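Chemist: Structure below; questions to follow.
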Amino acid sequence: MAKTIPAFFSKELRLLNANDRSVVEDIVDDYPDAIHSSNCDGEIVYANKKASSLYGYPPEELIGMSIYDLYSNPERTHVGLNKLIKLGKLVVRSKIKPKTGEAIDVIVKSYALYDKAGDYVQSFSVLEDITEHRKFQRELANSNRLSMIGKFAAGIVHDISNPLTIIKGVGELISEEPRYKEDMTLQSNVRFLQNAVNKIQHYSRRLLDLPNSRISAPVTQLCLVEIITEALAMTEPKLSKLKINVDSDMPLDCLVDGCMHQLEQVFINILTNACDALTDSSDRKISIKITVCDRDGIEGVVVAIADSGIGIPAQVRSRIFEPFYTTKGEQGTGIGLAISHEIVSLHGGSIKITDNQPTGVVFEVFLPKTQRQQQAS
Ligand SMILES: Nc1ncnc2c1ncn2[C@@H]1O[C@H](COP(=O)(O)OP(=O)(O)OP(=O)(O)O)[C@@H](O)[C@H]1O
Ligand SMILES: [Mg+2]
């Protein structure tokens, strides 16, 4: 790319020799944030290396491109540019459309440059990519929300459990009465009532599982295969009812540190979701694979649970870890994955979702390897 020194520097740089000028160019070019400059027609006249990599365009395509094609919202870009020309400096939150992939959240700091007559000639913008930061903020908000709900829920569940026990007991007493056997309406009403109570008890037990921003039991060294075997046993009724074929590839020596009950819950939630996703499928398969890996310098294990179900569309995928987000109507509470995400985070791990081929999804749960094992080896 032919290096173009933005007009902003020209006056000062005229005083510098070619060598010094090249140093300044290199500083701007290597700057960790994206920097671009656009002329009064809104055409990009300069872009540093980071701008090229963040926007996904090679430098030759970027130069001459309109800023209206770069930012996601042309109207807001127009309003922003007019404000910048008036004020001389502007900081806004915006989104850019990279050449491929999803929009990127950025903080844009822009500076307007004017000629001697005071007419606007060029602007100079520094763009900070805040996608990761926003993701972290969303996760933190979900986690705080979950833990707050967890604390309230524990109190409510405790308070409703006594009247529920009474209602259940009354149902049982009625069913022991002599006329119960002859009265079909009474029988169906009592069953209706008992079903409703069972449902409330089921939901309230799930609410009790909400983590309160902490691991719920002492951390011990656990064998991952044991956790998954237990989770498979808990989901067995659903798996066999739907005739789902489960194949697994699990080395026995993968150890992690954590709380058995909580980690088991993670895999029960993922397996249960996989079963639900397979309900209408003709080819009902779940495969479980454990591999050893290194993520961001942390040694760990990945449990990949793949199903051949309906899959998750992009607009649903971005919300599945939100507490109470469900696509299952009355059949779902929408807390399974929110809880799982929270538990895995509390254990220092992460969950990733990818598409399975030809259909379905793969949930990859990463957990750090046990500290004890690492020290011993
Ligand atoms: N394997 C999967 N295939 C397709 N969609 C899935 C899968 N796993 C999760 N989902 C989607 O993610 C949503 C959220 O899942 P989550 O487990 O949190 O709640 P839920 O299953 O709806 O209710 P519950 O609280 O009873 O688990 C589901 O409603 C579903 O749309
Ligand atoms: Mg679920």
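To be explicit about the labels: the chains of the structure tokens are called A, B, and onward in the order shown, and within each one the residues are counted from 1, while ligands get numbers from 1 in the order they are shown.
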Which protein, DNA or RNA residues have an atom within 6 Å of ligand 2, counting only C-alpha atoms and all ligand atoms, as a ChimeraX atom specification?

Modeler: /A:269,273,336

Chemist: Name the residues, by chain letter and number, that sit within 6 Å of ligand 1 using only C-alpha atoms and all ligand atoms, and give them as a list in words.

Modeler: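 The residues near ligand 1 are Asn269, Asn273, Ala274, Ala277, Gly309, Ile310, Gly311, Ile312, Ile320, Tyr325, Thr326, Thr327, Lys328, Gly332, Thr333, Gly334, Ile335, Gly336, Leu337, Ala338 and Val361 of chain A.
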
Chemist: For the selection you just gave me, I'd like the residues written to a file as a short mmCIF file (atom, residue, chain, number, x, y, z; two decimals), in the first residue's frame, keeping N, CA and C atoms.

Modeler:
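File result.cif, as written:
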data_model
loop_
_atom_site.label_atom_id
_atom_site.label_comp_id
_atom_site.auth_asym_id
_atom_site.auth_seq_id
_atom_site.Cartn_x
_atom_site.Cartn_y
_atom_site.Cartn_z
N ASN A 269 -28.23 -31.02 31.29
CA ASN A 269 -28.93 -29.97 30.52
C ASN A 269 -28.63 -30.08 29.04
N ASN A 273 -31.35 -31.17 26.17
CA ASN A 273 -31.63 -30.32 25.01
C ASN A 273 -31.43 -31.09 23.71
N ALA A 274 -30.37 -31.91 23.68
CA ALA A 274 -30.10 -32.68 22.46
C ALA A 274 -31.28 -33.63 22.20
N ALA A 277 -34.10 -31.71 20.78
CA ALA A 277 -33.83 -31.31 19.38
C ALA A 277 -33.97 -32.48 18.42
N GLY A 309 -29.88 -33.07 15.49
CA GLY A 309 -31.23 -32.51 15.61
C GLY A 309 -31.51 -31.32 14.71
N ILE A 310 -32.45 -30.47 15.16
CA ILE A 310 -32.94 -29.38 14.31
C ILE A 310 -31.93 -28.24 14.13
N GLY A 311 -30.90 -28.19 14.98
CA GLY A 311 -29.93 -27.10 14.87
C GLY A 311 -30.44 -25.82 15.52
N ILE A 312 -29.57 -24.80 15.60
CA ILE A 312 -29.97 -23.54 16.24
C ILE A 312 -29.71 -22.38 15.28
N ILE A 320 -29.31 -18.03 23.62
CA ILE A 320 -29.60 -19.25 24.38
C ILE A 320 -29.06 -19.28 25.82
N TYR A 325 -34.69 -17.67 28.57
CA TYR A 325 -34.93 -17.66 27.12
C TYR A 325 -35.18 -19.10 26.67
N THR A 326 -36.36 -19.34 26.10
CA THR A 326 -36.68 -20.68 25.61
C THR A 326 -37.45 -20.59 24.31
N THR A 327 -37.32 -21.59 23.46
CA THR A 327 -38.15 -21.65 22.24
C THR A 327 -39.16 -22.79 22.39
N LYS A 328 -39.23 -23.34 23.62
CA LYS A 328 -40.06 -24.54 23.81
C LYS A 328 -41.42 -24.25 24.43
N GLY A 332 -40.53 -25.56 28.25
CA GLY A 332 -39.19 -25.17 28.69
C GLY A 332 -39.23 -24.04 29.70
N THR A 333 -38.21 -24.00 30.58
CA THR A 333 -38.12 -22.87 31.51
C THR A 333 -37.04 -21.88 31.05
N GLY A 334 -36.16 -22.34 30.16
CA GLY A 334 -35.13 -21.45 29.63
C GLY A 334 -34.00 -21.16 30.60
N ILE A 335 -33.83 -22.04 31.59
CA ILE A 335 -32.71 -21.77 32.51
C ILE A 335 -31.61 -22.83 32.41
N GLY A 336 -31.86 -23.91 31.65
CA GLY A 336 -30.87 -24.99 31.56
C GLY A 336 -29.50 -24.49 31.12
N LEU A 337 -29.46 -23.78 30.00
CA LEU A 337 -28.16 -23.34 29.49
C LEU A 337 -27.59 -22.15 30.27
N ALA A 338 -28.49 -21.30 30.79
CA ALA A 338 -28.01 -20.17 31.60
C ALA A 338 -27.27 -20.73 32.82
N VAL A 361 -26.26 -29.51 16.22
CA VAL A 361 -25.23 -28.64 16.79
C VAL A 361 -24.25 -29.45 17.64
#

Chemist: Among the residues of segment 47-292 of chain A, find those DSSP assigns to alpha helix (DSSP H) from the backbone and print them as JSON, numbers by chain.

Modeler: {"A": [49, 50, 51, 52, 53, 54, 55, 59, 60, 61, 62, 67, 68, 69, 70, 74, 75, 76, 77, 78, 79, 80, 81, 82, 83, 84, 85, 86, 87, 131, 132, 133, 134, 135, 136, 137, 138, 139, 140, 141, 142, 143, 144, 145, 146, 147, 148, 149, 150, 151, 152, 153, 154, 155, 156, 157, 158, 159, 160, 161, 162, 163, 164, 165, 166, 167, 168, 169, 170, 171, 172, 173, 174, 175, 176, 184, 185, 186, 187, 188, 189, 190, 191, 192, 193, 194, 195, 196, 197, 198, 199, 200, 201, 202, 203, 204, 205, 206, 207, 208, 224, 225, 226, 227, 228, 229, 230, 231, 232, 233, 234, 235, 236, 237, 238, 239, 240, 241, 260, 261, 262, 263, 264, 265, 266, 267, 268, 269, 270, 271, 272, 273, 274, 275, 276, 277, 278]}

Chemist: May I have the residues within 7 Å of segment 127-132 of chain A as a short mmCIF file (atom, residue, chain, number, x, y, z; two decimals) with C-alpha atoms, in the first residue's frame, using only C-alpha atoms and disregarding those fewer than 5 positions away in the same chain?

Modeler:
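As written to disk, result.cif reads:
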data_model
loop_
_atom_site.label_atom_id
_atom_site.label_comp_id
_atom_site.auth_asym_id
_atom_site.auth_seq_id
_atom_site.Cartn_x
_atom_site.Cartn_y
_atom_site.Cartn_z
CA ASP A 33 -6.65 0.33 17.08
CA ALA A 34 -8.07 0.83 13.59
CA ILE A 35 -7.34 4.29 12.20
CA ILE A 104 -18.58 -5.28 14.87
CA ASP A 105 -19.25 -3.02 17.87
CA VAL A 106 -16.80 -0.12 18.01
CA ILE A 107 -16.12 3.11 19.87
CA VAL A 108 -15.26 5.76 17.27
CA LYS A 109 -13.21 8.82 18.22
#

Chemist: Can you tell me which residues surround Ala304 of chain A at a distance of at most 9 Å, considering only C-alpha atoms, apart from same-chain residues fewer than 4 positions away, and format the answer as a JSON list (two decimals) with C-alpha atoms, in the first residue's frame?

Modeler:
[["chain", "number", "residue", "atom", "x", "y", "z"],
["A", 287, "SER", "CA", -22.03, -38.45, 20.00],
["A", 288, "ILE", "CA", -19.82, -37.58, 22.96],
["A", 289, "LYS", "CA", -16.11, -37.06, 22.56],
["A", 290, "ILE", "CA", -13.52, -35.97, 25.11],
["A", 291, "THR", "CA", -10.23, -34.50, 23.91],
["A", 362, "VAL", "CA", -22.12, -29.42, 18.80],
["A", 363, "PHE", "CA", -21.79, -28.12, 22.37],
["A", 364, "GLU", "CA", -18.14, -27.95, 23.38],
["A", 365, "VAL", "CA", -17.55, -27.65, 27.11],
["A", 366, "PHE", "CA", -14.00, -26.69, 28.00]]

Chemist: Go ahead and compute the interatomic distance for atom CA of Ser318 of chain A and atom CA of Ile149 of chain A, in Å to one decimal.

Modeler: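 According to the coordinates, atom CA of Ser318 of chain A and atom CA of Ile149 of chain A are separated by 21.3 Å.
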
Chemist: Work out how far apart atom CA of Ser53 of chain A and atom CA of Ser110 of chain A are and give it in Å to one decimal.

Modeler: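 Between these atoms lies a distance of 19.5 Å.
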
Chemist: List the neighbours of Ile85 of chain A out to 10 Å using only C-alpha atoms; skip same-chain residues closer than 4 positions along the sequence, and give me the result as a PDB file with N, CA and C atoms, in the first residue's frame.

Modeler:
ATOM      1  N   CYS A  40     -13.689  15.063   2.352  1.00  0.00           N
ATOM      2  CA  CYS A  40     -14.986  15.729   2.525  1.00  0.00           C
ATOM      3  C   CYS A  40     -16.107  15.045   1.738  1.00  0.00           C
ATOM      4  N   GLY A  80     -23.897  11.809  12.406  1.00  0.00           N
ATOM      5  CA  GLY A  80     -22.630  11.866  13.139  1.00  0.00           C
ATOM      6  C   GLY A  80     -21.620  12.757  12.435  1.00  0.00           C
ATOM      7  N   LEU A  81     -21.553  12.643  11.111  1.00  0.00           N
ATOM      8  CA  LEU A  81     -20.585  13.437  10.352  1.00  0.00           C
ATOM      9  C   LEU A  81     -20.906  14.928  10.477  1.00  0.00           C
ATOM     10  N   LYS A  89     -14.810  17.489  17.164  1.00  0.00           N
ATOM     11  CA  LYS A  89     -14.389  16.232  17.788  1.00  0.00           C
ATOM     12  C   LYS A  89     -15.637  15.480  18.231  1.00  0.00           C
ATOM     13  N   LEU A  90     -15.635  14.168  18.096  1.00  0.00           N
ATOM     14  CA  LEU A  90     -16.834  13.391  18.446  1.00  0.00           C
ATOM     15  C   LEU A  90     -16.445  11.986  18.886  1.00  0.00           C
ATOM     16  N   SER A 110     -13.530  10.576  16.583  1.00  0.00           N
ATOM     17  CA  SER A 110     -13.254  11.250  15.314  1.00  0.00           C
ATOM     18  C   SER A 110     -12.826  12.695  15.546  1.00  0.00           C
ATOM     19  N   TYR A 111     -11.975  13.167  14.669  1.00  0.00           N
ATOM     20  CA  TYR A 111     -11.456  14.535  14.727  1.00  0.00           C
ATOM     21  C   TYR A 111     -11.639  15.146  13.347  1.00  0.00           C
ATOM     22  N   ALA A 112     -12.204  16.358  13.286  1.00  0.00           N
ATOM     23  CA  ALA A 112     -12.397  17.020  11.979  1.00  0.00           C
ATOM     24  C   ALA A 112     -11.210  17.938  11.701  1.00  0.00           C
ATOM     25  N   LEU A 113     -10.826  18.042  10.442  1.00  0.00           N
ATOM     26  CA  LEU A 113      -9.730  18.911  10.036  1.00  0.00           C
ATOM     27  C   LEU A 113     -10.290  19.947   9.059  1.00  0.00           C
ATOM     28  N   TYR A 114      -9.857  21.186   9.204  1.00  0.00           N
ATOM     29  CA  TYR A 114     -10.401  22.272   8.375  1.00  0.00           C
ATOM     30  C   TYR A 114      -9.269  22.991   7.635  1.00  0.00           C
ATOM     31  N   ASP A 119     -13.129  25.715   6.244  1.00  0.00           N
ATOM     32  CA  ASP A 119     -14.012  24.710   5.641  1.00  0.00           C
ATOM     33  C   ASP A 119     -13.502  23.311   5.966  1.00  0.00           C
ATOM     34  N   TYR A 120     -14.465  22.443   6.226  1.00  0.00           N
ATOM     35  CA  TYR A 120     -14.118  21.051   6.569  1.00  0.00           C
ATOM     36  C   TYR A 120     -13.463  20.363   5.371  1.00  0.00           C
ATOM     37  N   VAL A 121     -12.317  19.701   5.609  1.00  0.00           N
ATOM     38  CA  VAL A 121     -11.661  19.000   4.500  1.00  0.00           C
ATOM     39  C   VAL A 121     -11.524  17.496   4.726  1.00  0.00           C
ATOM     40  N   GLN A 122     -11.333  17.103   5.956  1.00  0.00           N
ATOM     41  CA  GLN A 122     -10.995  15.703   6.193  1.00  0.00           C
ATOM     42  C   GLN A 122     -11.310  15.320   7.638  1.00  0.00           C
ATOM     43  N   SER A 123     -11.567  14.053   7.858  1.00  0.00           N
ATOM     44  CA  SER A 123     -11.694  13.616   9.250  1.00  0.00           C
ATOM     45  C   SER A 123     -10.760  12.447   9.492  1.00  0.00           C
TER      46      SER A 123
END

Chemist: Step one, run DSSP on the backbone; step two, keep only residues of segment 211-308 of chain A assigned to strand (DSSP E); then write them as a compact mmCIF listing (two decimals) with C-alpha atoms, in the first residue's frame.

Modeler:
# COMPACT_ATOMS: atom_id res chain seq x y z
CA THR A 220 -12.76 -32.18 44.56
CA GLN A 221 -10.80 -33.96 41.87
CA LEU A 222 -13.29 -35.58 39.51
CA CYS A 223 -13.11 -38.08 36.70
CA ASN A 245 -28.28 -43.83 19.65
CA VAL A 246 -25.42 -42.51 21.82
CA ASP A 247 -21.84 -43.21 20.86
CA SER A 248 -18.92 -42.03 22.94
CA ASP A 249 -15.18 -41.74 22.81
CA LEU A 255 -9.51 -35.32 35.59
CA VAL A 256 -10.93 -31.93 36.49
CA ASP A 257 -11.43 -30.02 39.73
CA GLY A 258 -14.98 -29.12 40.63
CA LYS A 285 -27.84 -39.66 17.16
CA ILE A 286 -25.79 -38.12 19.92
CA SER A 287 -22.03 -38.45 20.00
CA ILE A 288 -19.82 -37.58 22.96
CA LYS A 289 -16.11 -37.06 22.56
CA ILE A 290 -13.52 -35.97 25.11
CA THR A 291 -10.23 -34.50 23.91
CA VAL A 292 -7.31 -32.91 25.69
CA CYS A 293 -6.49 -29.38 24.56
CA ASP A 294 -4.87 -26.07 25.37
CA ARG A 295 -6.95 -22.87 25.36
CA ILE A 298 -4.64 -23.24 29.94
CA GLU A 299 -4.37 -27.01 29.72
CA GLY A 300 -7.78 -28.60 29.72
CA VAL A 301 -10.30 -31.03 28.34
CA VAL A 302 -13.10 -30.47 25.88
CA VAL A 303 -16.29 -32.49 26.02
CA ALA A 304 -17.99 -32.23 22.62
CA ILE A 305 -21.63 -33.30 22.60
CA ALA A 306 -22.99 -33.42 19.05
CA ASP A 307 -26.58 -34.09 18.04

Chemist: When you draw a straight line from atom CA of Lys99 of chain A to atom CA of Tyr57 of chain A, how long is it in Å?

Modeler: 6.2 Å

Chemist: Compare A:Ser308, A:Thr272, A:Ala117, A:Leu208 by their minimum atom-to-atom distance to Asn356 of chain A, counting only C-alpha atoms, and give me the closest one.

Modeler: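 Closest candidate: A:Ser308.
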
Chemist: At a cut-off of 12 Å, using only C-alpha atoms, what residues contact Glu60 of chain A? Leave out same-chain residues fewer than 2 positions from it and give the result as an mmCIF file with C-alpha atoms, in the first residue's frame.

Modeler:
data_model
loop_
_atom_site.group_PDB
_atom_site.id
_atom_site.type_symbol
_atom_site.label_atom_id
_atom_site.label_comp_id
_atom_site.auth_asym_id
_atom_site.auth_seq_id
_atom_site.Cartn_x
_atom_site.Cartn_y
_atom_site.Cartn_z
ATOM 1 C CA MET A 1 0.000 0.000 0.000
ATOM 2 C CA ALA A 2 1.337 3.423 -0.881
ATOM 3 C CA LYS A 3 1.601 5.220 2.433
ATOM 4 C CA ILE A 44 -11.507 6.752 2.842
ATOM 5 C CA VAL A 45 -8.089 8.194 1.959
ATOM 6 C CA TYR A 46 -5.993 6.447 4.579
ATOM 7 C CA ALA A 47 -6.314 3.246 6.625
ATOM 8 C CA ASN A 48 -3.761 1.602 8.893
ATOM 9 C CA LYS A 49 -3.033 -2.154 9.106
ATOM 10 C CA SER A 52 -7.648 -3.284 7.051
ATOM 11 C CA GLY A 56 -11.739 -7.280 6.413
ATOM 12 C CA TYR A 57 -10.813 -5.345 3.254
ATOM 13 C CA PRO A 58 -7.375 -5.345 1.623
ATOM 14 C CA LEU A 62 -10.427 0.237 1.432
ATOM 15 C CA ILE A 63 -8.910 3.354 -0.137
ATOM 16 C CA GLY A 64 -11.679 5.126 -2.019
ATOM 17 C CA MET A 65 -14.443 3.236 -0.220
#
